[in-house]
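Q: Quick one: structure below, then a few questions.
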Amino acid sequence: MNSINESFSSTPHSYFPTSHSPLPTMRTFLIIWLGQIVSTIGSFMTVFALTIWVWDKTGSATALALVGFFAQLPRLLITTFAGIAVDRYDRRLLMLIAEVVAFLCTLAVALLYLTQQLQVWHLYIIVALYGGFGQLQVLAYSTSIALLVPQEQYTRAESLGSAVNYSAAIFAPALAGFLYPRFGLQSIFWIDLTTFIASFVTLLIVRIKRTSIEKTVNDHQETLWQKLTFGFRYIWANPSLTAMAIAFTLFAIPNDISKALYSPMILARTGGDSEILGAVTTAAGIGGVVGALLLGAWGGFKRRIHGMLLGFAGYGFFRIILGLGQTLPVWIVAHFLAAALIPMFYSSSNAIWYTKVPPALQGRVLAADQLIGVTISTITPLIAGFLADQVFEPAMRPTGSLAPIFGNFFGTRIGSGITLLFVSMSICTVIVGILGYSVRSLRRVEDLIPDSSQS
């Protein structure tokens with residue numbers, strides 16, 4: 001191991017399964033996975049329908065952005081400590097608690113809606129509660145995979161796990177886009193509540209083996225602050241890992257801004273047509289599934305940094321086409337192709353981290369990297385909403401300051417400012433991918449840091 005890593009090698013992790021735990025099999029994992037995919041489709045349907053409801057009620061990108069902000073804020077607060085909880089307590093129990101909270105949150109929204117008392121600010125409170133427990137569930141689920149699946153099946157389990165969100169992205173918008181205008185928001189609530197019950201039952205009938213509390217060599221010497229900041233200090237001590245984190249941060253900021261603008265952009269340009277939004281979003285879900293399957297068959301670039309940087313640039317290019325497009329076929333094709341590249345840059349980046357960071361340190365190091373992403377996801381919806389409603393939309397009105405410059409490309413109707421901002425952010429993601437090759441510590445990360453297995 002190089003000297004940078006050696007300075008942190010005094011706190012290796014040890015993991016002690018209980019002696020009476022059964023050997024892991026795919027059967028238990030598949031039962032939980034089936035429940036998760038059903039529940040996620042229901043949740044995505046509700047999120048999609050509420051997005052349309054908020055837009056119909058307010059017509060404000062800021063209102064939609066605030067929903068995303070309050071959903072992310074508790075994730076920011078809980079991520080640092082949730083890892084301790086999933087190691088200390090029964091992970092199945094934590095997932096069951098999270099399912100119950102999610103059920104109660106959806107039920108509360110449904111009752112407020114049926115009694116005609118639902119307001120946008122109610123959603124801010126409910127999604128905050130949902131988001132906090134949702135993060136706990138995600139961590140409990142992901143850290144249970146190694147306890148549920150034989151080592152030779154890890155790749156298969158990970159691919160099935162990624163299929164959960166992609167499948168939900170395919171089916172949920174199409175179903176919600178069809179049901180919402182015909183049967184109302186209440187029909188989607190009842191479907192979602194039913195899917196929660198299905199997921200809850202699958203968790204009740206399985207068992208996940210327990211592990212003892214994780215210990216470290218210097219556990220008695222480290223302060224809580226040192227434990228919480230270890231991952232950040234480890235990344236900062238290695239220039240190439242720092243470059244990786246910075247590159248993904250520079251990509252994530254404009255990308256998350258554009259993600260917050262995507263729904264209001266399509267809704268504004270189609271007169272609030274939920275079926276068109278559903279079709280375009282479904283195309284992205286299909287693109288993600290196809291991209292994951294192709295990447296699995298191909299295996300990706302031998303030098304994974306190419307997959308990350310070229311993935312950034314290609315993804316941004318197709319998002320530019322999505323913003324410039326004026327018709328449904330163009331939106332569908334562009335969003336499909338953009339989403340197809342998402343598995344490439346995420347899996348390439350993750351593979352580098354898994355290869356270069358020793359397994360005994362990956363928990364805290366990857367948690368630090370994840371916290372950076374959660375922080376960005378929390379802040380960027382607020383930035384997106386402010387820029388869209390207060391800066392770009394007024395500037396792209398017929399008498400606005402930007403209309404003479406960009407009016408011929410984006411028009412001057414409602415949504416033109418949002419579209420200009422969306423395209424600008426997409427251009428930034430292309431630039432990050434291209435300029436990443438000019439940074440030696442990033443371009444040669446796979447040469448400069450030895451594999452952890454060689455250390």
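Convention: chains lettered A, B, ... in structure tokens order; per-chain residue numbering from 1; ligands numbered from 1 as shown.
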Report as a ChimeraX atom specification all protein, DNA and RNA residues lying within 8 Å of Thr79 of chain A, evaluated on only C-alpha atoms, omitting residues in the same chain fewer than 3 positions from it.
A: /A:75-76,82-83,135-136,367,371
Q: Can you pull out every residue within 12 Å of Gln390 of chain A, counting only C-alpha atoms, but drop anything in the same chain fewer than 2 positions away, and send it as a list in words?
A: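 Non-adjacent residues within range: Ser60, Ala61, Thr62, Leu382, Ile383, Ala384, Gly385, Phe386, Leu387, Ala388, Phe392, Glu393, Pro394, Ala395, Met396, Arg397, Gly400, Gly417, Ile418 and Leu421 of chain A.
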Q: Applying 9 Å and only C-alpha atoms, which residues near Ala49 of chain A remain after dropping the ones on its own chain fewer than 5 positions away? List them as a list of chain:residue names.
A: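 Near neighbours after the sequence-gap exclusion: A:Phe44, A:Val54, A:Pro173, A:Ala176, A:Gly177, A:Tyr180, A:Leu185, A:Ile188, A:Ser274.
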Q: Identify, on the basis of only C-alpha atoms, every residue whose closest approach to Pro74 of chain A does not exceed 12 Å; exclude the query and any residue fewer than 5 positions from it along the same chain; express the result as a list of chain:residue names.
A: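 Near neighbours after the sequence-gap exclusion: A:Gly68, A:Phe69, A:Thr79, A:Thr80, A:Phe81, A:Ala82, A:Tyr124, A:Ile125, A:Ile126, A:Val127, A:Ala128, A:Leu129, A:Tyr130, A:Gly131, A:Gly132, A:Phe133, A:Gly134, A:Gln135, A:Leu136, A:Leu371, A:Val374, A:Thr375, A:Ser377, A:Thr378.
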Q: Just give me the gap between atom CA of Glu446 of chain A and atom CA of Gly291 of chain A in Å, one decimal is fine.
A: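 Taking atom CA of Glu446 of chain A and atom CA of Gly291 of chain A, their separation equals 23.8 Å.
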Q: Skip Gly272 of chain A itself and residues of its chain fewer than 3 positions away, then list as a list in words all residues within 12 Å of it, counting only C-alpha atoms.
A: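 Once the nearby chain positions are removed, what remains is Ala49, Thr51, Ile52, Trp53, Val54, Trp55, Asp56, Lys57, Thr58, Gly59, Ser60, Gly177, Pro181, Ser263, Pro264, Met265, Ile266, Leu267, Ala268, Arg269, Glu275, Ile276, Leu277, Gly278, Ile414 and Gly415 of chain A.
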Q: If you keep C-alpha atoms, can you produce a file of those selected residues as a CSV table (one decimal), in the first residue's frame?
A:
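Heads up, here's the output in selection_3.csv:
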```
chain,number,residue,atom,x,y,z
A,49,ALA,CA,-48.7,12.1,-9.8
A,51,THR,CA,-45.4,16.3,-9.3
A,52,ILE,CA,-48.2,17.0,-11.8
A,53,TRP,CA,-50.6,18.0,-8.9
A,54,VAL,CA,-48.1,20.6,-7.6
A,55,TRP,CA,-47.5,22.0,-11.1
A,56,ASP,CA,-51.3,22.2,-11.7
A,57,LYS,CA,-51.8,24.0,-8.4
A,58,THR,CA,-48.9,26.4,-8.5
A,59,GLY,CA,-47.3,26.5,-12.0
A,60,SER,CA,-44.1,27.1,-10.1
A,177,GLY,CA,-49.8,9.4,-16.5
A,181,PRO,CA,-56.3,12.4,-15.7
A,263,SER,CA,-40.5,17.9,-15.2
A,264,PRO,CA,-41.5,21.6,-15.2
A,265,MET,CA,-39.8,22.1,-18.6
A,266,ILE,CA,-41.8,19.3,-20.2
A,267,LEU,CA,-45.0,20.3,-18.5
A,268,ALA,CA,-44.6,24.0,-19.4
A,269,ARG,CA,-43.9,23.2,-23.0
A,275,GLU,CA,-49.2,11.6,-20.6
A,276,ILE,CA,-46.4,13.2,-22.6
A,277,LEU,CA,-44.3,13.6,-19.4
A,278,GLY,CA,-45.0,10.0,-18.6
A,414,ILE,CA,-43.8,30.0,-20.8
A,415,GLY,CA,-41.0,27.4,-20.2
```
Q: Which residue is closest to Leu294 of chain A? Choose from A:Leu324, A:Ile342, A:Leu309, A:Val120 and count only C-alpha atoms.
A: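 Of A:Leu324, A:Ile342, A:Leu309, A:Val120, the one nearest Leu294 of chain A, counting only C-alpha atoms, is A:Ile342.
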Q: Just give me the gap between atom CA of Leu448 of chain A and atom CA of Ala237 of chain A in Å, one decimal is fine.
A: 13.4 Å
Q: Pick from A:Leu442, A:Ile405, A:Ala339, A:Leu123: nearest to Asn238 of chain A, with only C-alpha atoms counted?
A: A:Leu442
Q: What does the distance between atom CA of Leu293 of chain A and atom CA of Val206 of chain A come to in Å, to one decimal place?
A: 28.9 Å
Q: Would you give me, as a ChimeraX atom specification, the residues in segment 90-283 of chain A that DSSP reads as alpha helix (DSSP H)?
A: /A:91-114,120-142,145-148,154-183,185-204,224-237,239-269,274-283
Q: Using only C-alpha atoms, which of A:Ile37, A:Met425, A:Ala260, A:Val138 sits nearest Ala168 of chain A?
A: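 Nearest candidate to Ala168 of chain A out of A:Ile37, A:Met425, A:Ala260, A:Val138: A:Ile37.
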Q: Write out as an mmCIF file with all heavy atoms, in the first residue's frame which residues come within 9 Å of Ile352 of chain A when counting only C-alpha atoms, dropping same-chain ones fewer than 4 positions away.
A:
```cif
data_model
loop_
_atom_site.group_PDB
_atom_site.id
_atom_site.type_symbol
_atom_site.label_atom_id
_atom_site.label_comp_id
_atom_site.auth_asym_id
_atom_site.auth_seq_id
_atom_site.Cartn_x
_atom_site.Cartn_y
_atom_site.Cartn_z
ATOM 1 N N ARG A 304 -11.338 2.256 -16.802
ATOM 2 C CA ARG A 304 -12.682 2.669 -16.393
ATOM 3 C C ARG A 304 -12.868 4.178 -16.376
ATOM 4 O O ARG A 304 -13.989 4.664 -16.467
ATOM 5 C CB ARG A 304 -12.985 2.075 -15.014
ATOM 6 C CG ARG A 304 -12.979 0.544 -15.001
ATOM 7 C CD ARG A 304 -13.402 0.027 -13.639
ATOM 8 N NE ARG A 304 -13.364 -1.438 -13.614
ATOM 9 C CZ ARG A 304 -12.390 -2.160 -13.099
ATOM 10 N NH1 ARG A 304 -11.327 -1.555 -12.586
ATOM 11 N NH2 ARG A 304 -12.427 -3.474 -13.096
ATOM 12 N N ILE A 305 -11.780 4.925 -16.264
ATOM 13 C CA ILE A 305 -11.911 6.376 -16.258
ATOM 14 C C ILE A 305 -12.513 6.872 -17.573
ATOM 15 O O ILE A 305 -13.201 7.898 -17.607
ATOM 16 C CB ILE A 305 -10.540 7.054 -15.983
ATOM 17 C CG1 ILE A 305 -10.738 8.537 -15.654
ATOM 18 C CG2 ILE A 305 -9.592 6.852 -17.147
ATOM 19 C CD1 ILE A 305 -11.514 8.799 -14.394
ATOM 20 N N SER A 347 -21.195 3.087 -12.947
ATOM 21 C CA SER A 347 -20.514 1.818 -12.666
ATOM 22 C C SER A 347 -19.004 1.950 -12.840
ATOM 23 O O SER A 347 -18.231 1.364 -12.083
ATOM 24 C CB SER A 347 -21.050 0.711 -13.577
ATOM 25 O OG SER A 347 -20.785 0.989 -14.934
ATOM 26 N N SER A 348 -18.556 2.742 -13.821
ATOM 27 C CA SER A 348 -17.120 2.949 -14.028
ATOM 28 C C SER A 348 -16.502 3.656 -12.836
ATOM 29 O O SER A 348 -15.427 3.278 -12.345
ATOM 30 C CB SER A 348 -16.880 3.755 -15.304
ATOM 31 O OG SER A 348 -17.370 3.078 -16.442
ATOM 32 N N LYS A 356 -9.626 0.582 -5.734
ATOM 33 C CA LYS A 356 -8.503 1.330 -5.160
ATOM 34 C C LYS A 356 -8.585 1.512 -3.647
ATOM 35 O O LYS A 356 -7.553 1.714 -3.002
ATOM 36 C CB LYS A 356 -8.399 2.711 -5.830
ATOM 37 C CG LYS A 356 -8.225 2.655 -7.357
ATOM 38 C CD LYS A 356 -7.004 1.843 -7.741
ATOM 39 C CE LYS A 356 -6.840 1.766 -9.267
ATOM 40 N NZ LYS A 356 -5.656 0.964 -9.660
ATOM 41 N N VAL A 357 -9.784 1.477 -3.087
ATOM 42 C CA VAL A 357 -9.931 1.648 -1.639
ATOM 43 C C VAL A 357 -10.010 0.276 -0.981
ATOM 44 O O VAL A 357 -10.821 -0.558 -1.381
ATOM 45 C CB VAL A 357 -11.200 2.460 -1.309
ATOM 46 C CG1 VAL A 357 -11.348 2.604 0.207
ATOM 47 C CG2 VAL A 357 -11.139 3.830 -1.970
ATOM 48 N N VAL A 445 -5.734 8.019 -12.736
ATOM 49 C CA VAL A 445 -6.068 7.523 -11.403
ATOM 50 C C VAL A 445 -5.808 6.026 -11.260
ATOM 51 O O VAL A 445 -5.343 5.552 -10.214
ATOM 52 C CB VAL A 445 -7.544 7.850 -11.057
ATOM 53 C CG1 VAL A 445 -8.506 7.246 -12.062
ATOM 54 C CG2 VAL A 445 -7.897 7.370 -9.652
ATOM 55 N N GLU A 446 -6.038 5.264 -12.324
ATOM 56 C CA GLU A 446 -5.880 3.807 -12.244
ATOM 57 C C GLU A 446 -4.415 3.387 -12.262
ATOM 58 O O GLU A 446 -4.091 2.256 -11.903
ATOM 59 C CB GLU A 446 -6.645 3.146 -13.388
ATOM 60 C CG GLU A 446 -8.158 3.314 -13.239
ATOM 61 C CD GLU A 446 -8.915 2.941 -14.494
ATOM 62 O OE1 GLU A 446 -9.045 3.809 -15.385
ATOM 63 O OE2 GLU A 446 -9.380 1.796 -14.580
#
```
Q: Smallest atom-to-atom distance to Ile427 of chain A: which of A:Asn350, A:Ser258, A:Gln117, A:Gln72, using only C-alpha atoms?
A: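 Smallest distance to Ile427 of chain A is found for A:Ser258.
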Q: What's around Phe251 of chain A at 9 Å? Count only C-alpha atoms, leave out sequence neighbours fewer than 4 positions away in its own chain, and write the answer as a list in words.
A: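 Listed by chain and then number, they are Ile246, Ala247, Asn255, Asp256, Phe312, Cys428, Thr429, Val430, Ile431, Val432 and Gly433 of chain A.
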Q: Could you list, with a cut-off of 10 Å and counting only C-alpha atoms, the residues of segment 185-277 of chain A near segment 104-110 of chain A, each shown with its nearest atom pair and the distance in Å rounded to one decimal, rows sorted by chain and ascending number, as JSON lines?
A:
```
{"residue": "A:Leu185", "atom": "CA", "partner": "A:Ala110", "partner_atom": "CA", "distance": 8.4}
{"residue": "A:Gln186", "atom": "CA", "partner": "A:Ala110", "partner_atom": "CA", "distance": 6.6}
{"residue": "A:Ser187", "atom": "CA", "partner": "A:Ala110", "partner_atom": "CA", "distance": 9.6}
{"residue": "A:Ile188", "atom": "CA", "partner": "A:Ala110", "partner_atom": "CA", "distance": 9.3}
{"residue": "A:Phe189", "atom": "CA", "partner": "A:Ala110", "partner_atom": "CA", "distance": 6.1}
{"residue": "A:Trp190", "atom": "CA", "partner": "A:Ala110", "partner_atom": "CA", "distance": 8.3}
{"residue": "A:Asp192", "atom": "CA", "partner": "A:Thr106", "partner_atom": "CA", "distance": 7.7}
{"residue": "A:Leu193", "atom": "CA", "partner": "A:Thr106", "partner_atom": "CA", "distance": 7.0}
{"residue": "A:Phe196", "atom": "CA", "partner": "A:Thr106", "partner_atom": "CA", "distance": 9.5}
```
